[in-house]
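Below: one structure, written as structure tokens.
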Amino acid sequence: MGKNESVFFGGLGTDESGDILETLVNKEGVLTSFAKHRYLPTGHCLALVDGAECTLCANLGAATKYDTSDLWSSRNIAILQNTKVIYVEGYFLAHSLETSLELATLAQRNKITITTE
């Protein structure tokens, strides 16, 4: 996969953790379009794995805030026009249902594959 063939949308705090996450993701060639929140911390997730068993412990923080107004920014509209696949992770469905439904509508109208976990 080439540089910027994938895009990461989501909420992010304006803190050190957010800066680190954005830098690491961009370094791997993933384009980012974060809704940045000054009053919410960047979320964290701890994965505990024991053989085939996995448990997640998450504090979603700023990731819980990604509104339809964030989705439909002029920059994101341009990005979404060239989208082939949309992946919506499970937590996002729970905290940003309206935005998820708008993504599903976009996918249906434009014959874009949409998937979730």
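As shown in the structure tokens, the chain order sets the letters A, B, ...; within each chain, residues go from 1, and ligands are also counted from 1 in the order they appear.
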
Contacts between stretch 13-34 of chain A and stretch 50-99 of chain A, please, where a residue of stretch 50-99 of chain A counts if it comes within 8 Å (with only C-alpha atoms); show its shortest atom pair and distance in Å to one decimal, rows by chain and ascending number, as a tab-separated table.
```
residue	atom	partner	partner_atom	distance
A:Gly61	CA	A:Gly13	CA	7.7
A:Ala62	CA	A:Gly13	CA	5.4
A:Asn76	CA	A:Ser33	CA	7.3
```

Next item on the list: Based on DSSP run over this structure's backbone, return all residues of chain A in helix (DSSP H, G or I), as a PyMOL selection string.
Entry: chain A and resi 16-27+62-64+68-71+74-80+90-95+97-110

Margin query: For the strand (DSSP E or B) assignment from backbone DSSP, which residues of chain A qualify? Please present them as a ChimeraX atom specification.
Written below: /A:7-13,31-37,42-50,53-61,85-88,113-116

Checklist line | For A:Glu5, the nearest of the candidates A:Asn82, A:Thr99, A:Asn59, A:Thr68, counting only C-alpha atoms | finding: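 For A:Glu5, the nearest of the candidates is A:Asn82.
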
Margin query: Please compute the atom CA of A:Gly11-atom CA of A:Tyr87 distance, one decimal, in Å.
Written below: 15.5 Å

Item checked: A:Tyr91 surroundings by only C-alpha atoms, 9 Å radius, close-in-sequence under 6 positions cut, as a count of residues only -> 3

Please produce, as a tab-separated table, a per-residue contact table for stretch 10-96 of chain A versus stretch 111-115 of chain A (criterion: any atom at most 8 Å away, only C-alpha atoms considered), showing the nearest atom pair and its distance in Å to one decimal, sorted by chain then residue number.
```
residue	atom	partner	partner_atom	distance
A:Thr83	CA	A:Ile112	CA	7.0
A:Lys84	CA	A:Ile112	CA	5.3
A:Val85	CA	A:Thr113	CA	4.7
A:Ile86	CA	A:Ile114	CA	4.6
A:Tyr87	CA	A:Thr115	CA	4.9
A:Val88	CA	A:Thr115	CA	6.3
```
